[in-house]
Amino acid sequence: MKSKIVDSLNAAVADIPDGARIMFGGFGGAGFPNNLIQALSSKGVRDITAISNNCGTREGELGVMFKNGQVRHVIASFPGPHSNYFQERFAKGEVTCELVPQGILCERMRAAGAGLLGFYTTVGVGTEVARGKEERVVDGKRCILEAPIHADFALIKAEKADELGNLTYRLAARNFNPIMAMAAKITIVEAEEIVPVGAIEPENVVTPAIFVHRIVQAKGMRFQG
Amino acid sequence: MAENSTTEKPRLTREQIAQRAAQELTDGAYVNLGWGIPNLIADYLPKGLTVYFHSENGILGMGRRAKAGEEDFDLVDAMKVPVTLIPGASFFHQADAHLMTRGGHLDVAVLGGFQVSEKGDLANWKIPGAKGSGGIGGAMDIAAGAKNLIVCMEHNTKEGAPKIVKQCSYPVTGLACTNTIVTDLAVIDVKPEGLVLREVAPGWTAEDVQARTEAKLVVKGKVPEMKLGS
């Protein structure tokens, strides 16, 4: 069986092409695959569609990708108060952005992972996010149709990965990571620690290995503020 | 609007709005607090009351904010502030966190607001004409799904314009989603018969509050004053 473990961050992102659709885990400074993002940015990819809750903290997290003009389109719920490089590009029209309510962003990704073609929700009815979406009444409630969000790759952060790719997460660093792992065609994990198969008790596995395609060990990198 | 601002009676402070809103929480409740005034509520829980604070990034049972030196930056709230846990806390991923907000599992959600309409529509995510992309975050999920949505805000803008209006002129977050409004002047319930004035700030009358409210308030008899306690 081919090992999922790759020996460098650069090798982990080597086949990500220009124009790829990529999900990036993380929320509130926790659980961002910062080492993978740095490697991806250094590789010089262009025209990326980034799917992430937010758009970076200055140069940190996804910020470096916007600083270097590597992102074409964003699907996000809250670009964030410190996403200055994103905002500059957005103001110039160099990046487009679809804002999605946060829970609906999760569910649209989960629909992609679950093989569902969409769902109806009351969230966003009568708001700007309902524009252009099919509306109907179900059970007496107005609702809109939301489509799945797919991706070519997910870059995520775990605390521990076993050699098969079973994952655990630390505290609230879990956030979007398990959902994105299920939604993308290829999920690439940076893990603080890679442990032997069996070292994670089966009932403690949060993301089962079936969703994980590549694992690279990297000491977590964090950006404050 | 006040004809002469020098004669305005004192309004509640932001902390006092939070203090009054805290009285709406019941023992054992699962509660989500939004940005702004709602975030202050945790400091004003009535004595002996235990509530389980929910955070959209996947925490139930958030405790107080972490003190200097005990911060763990993998344990942050929705505002990115390091927090602590109380016994019985749990972690889960963001989809389950919003399953709780949308699915009617939380007992109370408290959000800030720019405007609330007479039908209970809430506008709280975008200021018209503001530069930049804006951001929605979890507000629309929470507004659509909360069993009991309390909006905490100042009664009027800094310029004195009413924020409780006939119809929202700001982009809305959700339609007919608000149950109760707590402001620096009043506690108002959104009922089928309209906006029912439940309490007024100390020293204020129903007429005073109506004069600073665009939407028509339903007043039943003498409206009691808020009790803020110590």
# chains A, B, ... in the order shown; residues from 1 in each chain; ligands from 1
>>> select_by_dssp(residues="range 68-126 of chain B", states="strand (DSSP E)", output="number ranges by chain")
B: 83-91, 108-112, 115-117, 122-123
>>> write_last_selection(atoms="C-alpha atoms", output="PDB file, in the first residue's frame")
ATOM      1  CA  VAL B  83     -11.340  31.751  26.713  1.00  0.00           C
ATOM      2  CA  THR B  84     -11.626  29.007  29.331  1.00  0.00           C
ATOM      3  CA  LEU B  85     -14.024  26.082  29.731  1.00  0.00           C
ATOM      4  CA  ILE B  86     -16.456  25.148  32.478  1.00  0.00           C
ATOM      5  CA  PRO B  87     -16.998  21.538  33.623  1.00  0.00           C
ATOM      6  CA  GLY B  88     -19.137  19.670  31.104  1.00  0.00           C
ATOM      7  CA  ALA B  89     -17.804  21.557  28.083  1.00  0.00           C
ATOM      8  CA  SER B  90     -17.498  19.918  24.676  1.00  0.00           C
ATOM      9  CA  PHE B  91     -15.923  20.494  21.264  1.00  0.00           C
ATOM     10  CA  VAL B 108     -31.336  31.808  23.557  1.00  0.00           C
ATOM     11  CA  ALA B 109     -29.231  33.747  21.082  1.00  0.00           C
ATOM     12  CA  VAL B 110     -28.313  37.376  21.666  1.00  0.00           C
ATOM     13  CA  LEU B 111     -27.169  39.515  18.752  1.00  0.00           C
ATOM     14  CA  GLY B 112     -26.263  43.149  18.271  1.00  0.00           C
ATOM     15  CA  GLN B 115     -32.064  48.130  13.051  1.00  0.00           C
ATOM     16  CA  VAL B 116     -35.074  46.034  14.039  1.00  0.00           C
ATOM     17  CA  SER B 117     -38.381  46.431  12.194  1.00  0.00           C
ATOM     18  CA  LEU B 122     -33.135  42.289  11.996  1.00  0.00           C
ATOM     19  CA  ALA B 123     -30.399  44.208  10.170  1.00  0.00           C
TER      20      ALA B 123
END
>>> interface_residues(of="chain A", to="chain B", cutoff="9 Å", atoms="only C-alpha atoms", output="ChimeraX atom specification")
/A:27-31,53-54,76-80,87-88,90-91,97,99-107,110,122-128,170-179,222,224-225
>>> write_last_selection(atoms="C-alpha atoms", output="tab-separated table (two decimals), in the first residue's frame")
chain	number	residue	atom	x	y	z
A	27	PHE	CA	-11.02	29.95	12.36
A	28	GLY	CA	-10.05	32.69	14.78
A	29	GLY	CA	-6.32	32.04	14.51
A	30	ALA	CA	-6.74	28.34	15.37
A	31	GLY	CA	-6.47	25.33	13.09
A	53	ASN	CA	-14.22	31.25	6.53
A	54	ASN	CA	-12.00	34.32	6.34
A	76	ALA	CA	-16.12	33.06	2.57
A	77	SER	CA	-18.46	33.96	5.39
A	78	PHE	CA	-16.42	36.65	7.08
A	79	PRO	CA	-13.32	37.98	5.32
A	80	GLY	CA	-12.44	39.64	8.60
A	87	GLN	CA	-9.67	44.06	0.90
A	88	GLU	CA	-7.15	45.97	-1.24
A	90	PHE	CA	-11.21	43.32	-3.68
A	91	ALA	CA	-11.48	47.12	-3.93
A	97	CYS	CA	-16.05	37.34	-3.41
A	99	LEU	CA	-20.29	35.84	0.92
A	100	VAL	CA	-22.04	32.83	2.43
A	101	PRO	CA	-23.63	32.57	5.88
A	102	GLN	CA	-21.18	30.58	8.00
A	103	GLY	CA	-23.35	27.56	8.78
A	104	ILE	CA	-24.53	27.42	5.17
A	105	LEU	CA	-20.91	27.47	4.04
A	106	CYS	CA	-20.40	24.39	6.24
A	107	GLU	CA	-23.50	22.64	4.96
A	110	ARG	CA	-20.87	18.91	3.68
A	122	THR	CA	-34.63	29.44	5.62
A	123	VAL	CA	-31.23	31.05	6.26
A	124	GLY	CA	-30.77	34.12	4.09
A	125	VAL	CA	-34.37	34.39	2.89
A	126	GLY	CA	-35.13	38.03	2.07
A	127	THR	CA	-31.43	38.97	2.28
A	128	GLU	CA	-28.73	39.71	-0.28
A	170	ARG	CA	-6.77	20.10	19.45
A	171	LEU	CA	-9.47	22.05	21.34
A	172	ALA	CA	-11.28	24.55	19.08
A	173	ALA	CA	-8.69	24.13	16.32
A	174	ARG	CA	-11.09	21.55	14.88
A	175	ASN	CA	-13.53	24.12	13.41
A	176	PHE	CA	-13.82	23.77	9.59
A	177	ASN	CA	-11.13	21.12	9.15
A	178	PRO	CA	-13.20	17.91	9.40
A	179	ILE	CA	-15.87	19.29	7.05
A	222	ARG	CA	0.54	30.71	14.31
A	224	GLN	CA	-1.42	36.52	16.31
A	225	GLY	CA	-3.84	39.39	16.19
>>> residues_around(residues="Arg58 in chain A", least_positions_apart="4", cutoff="9 Å", atoms="only C-alpha atoms", output="PyMOL selection string")
chain A and resi 62-64+67+82-86+225
>>> select_by_dssp(residues="range 5-230 of chain B", states="alpha helix (DSSP H)", output="number ranges by chain")
B: 14-22, 94-102, 139-145, 206-211
>>> closest_residue(among="A:Leu164, A:Ala184, A:Ala20, A:Glu146", to="Lys2 in chain A", atoms="only C-alpha atoms")
A:Leu164
>>> residues_around(residues="Arg198 in chain B", least_positions_apart="3", cutoff="12 Å", atoms="only C-alpha atoms", output="PDB file with C-alpha atoms, in the first residue's frame")
ATOM      1  CA  THR B 180     -37.143  40.620  22.248  1.00  0.00           C
ATOM      2  CA  ILE B 181     -35.259  43.905  21.956  1.00  0.00           C
ATOM      3  CA  VAL B 182     -33.250  45.238  24.895  1.00  0.00           C
ATOM      4  CA  THR B 183     -32.030  48.812  24.455  1.00  0.00           C
ATOM      5  CA  LEU B 185     -34.351  52.829  26.898  1.00  0.00           C
ATOM      6  CA  ALA B 186     -36.619  49.800  26.877  1.00  0.00           C
ATOM      7  CA  VAL B 187     -37.380  46.101  26.782  1.00  0.00           C
ATOM      8  CA  ILE B 188     -39.702  45.349  23.874  1.00  0.00           C
ATOM      9  CA  ASP B 189     -41.265  42.035  22.853  1.00  0.00           C
ATOM     10  CA  VAL B 190     -42.120  41.275  19.249  1.00  0.00           C
ATOM     11  CA  LYS B 191     -45.615  39.782  19.393  1.00  0.00           C
ATOM     12  CA  GLY B 194     -46.917  44.332  17.386  1.00  0.00           C
ATOM     13  CA  LEU B 195     -44.002  45.661  19.406  1.00  0.00           C
ATOM     14  CA  ALA B 201     -35.401  52.578  31.550  1.00  0.00           C
ATOM     15  CA  THR B 205     -42.018  56.949  30.322  1.00  0.00           C
ATOM     16  CA  ALA B 206     -43.754  55.026  27.555  1.00  0.00           C
ATOM     17  CA  VAL B 209     -39.708  55.872  24.433  1.00  0.00           C
ATOM     18  CA  LEU B 217     -45.308  50.520  20.252  1.00  0.00           C
ATOM     19  CA  VAL B 218     -48.136  48.619  21.917  1.00  0.00           C
ATOM     20  CA  VAL B 219     -48.538  49.919  25.470  1.00  0.00           C
ATOM     21  CA  LYS B 220     -50.690  47.990  27.927  1.00  0.00           C
ATOM     22  CA  GLY B 221     -51.385  49.985  31.079  1.00  0.00           C
ATOM     23  CA  LYS B 222     -48.565  51.406  33.150  1.00  0.00           C
ATOM     24  CA  VAL B 223     -45.203  50.147  31.891  1.00  0.00           C
ATOM     25  CA  PRO B 224     -42.825  49.194  34.719  1.00  0.00           C
ATOM     26  CA  GLU B 225     -39.242  50.416  34.946  1.00  0.00           C
ATOM     27  CA  MET B 226     -36.316  48.032  34.450  1.00  0.00           C
TER      28      MET B 226
END
>>> residues_around(residues="Val206 in chain A", least_positions_apart="3", cutoff="8 Å", atoms="only C-alpha atoms", output="list in words")
Asn166, Leu167, Thr168, Tyr169 and Pro178 of chain A
>>> residues_around(residues="Asp152 in chain A", least_positions_apart="4", cutoff="10 Å", atoms="only C-alpha atoms", output="VMD selection string")
chain A and resid 16 to 17 19 to 23 49 183 to 187
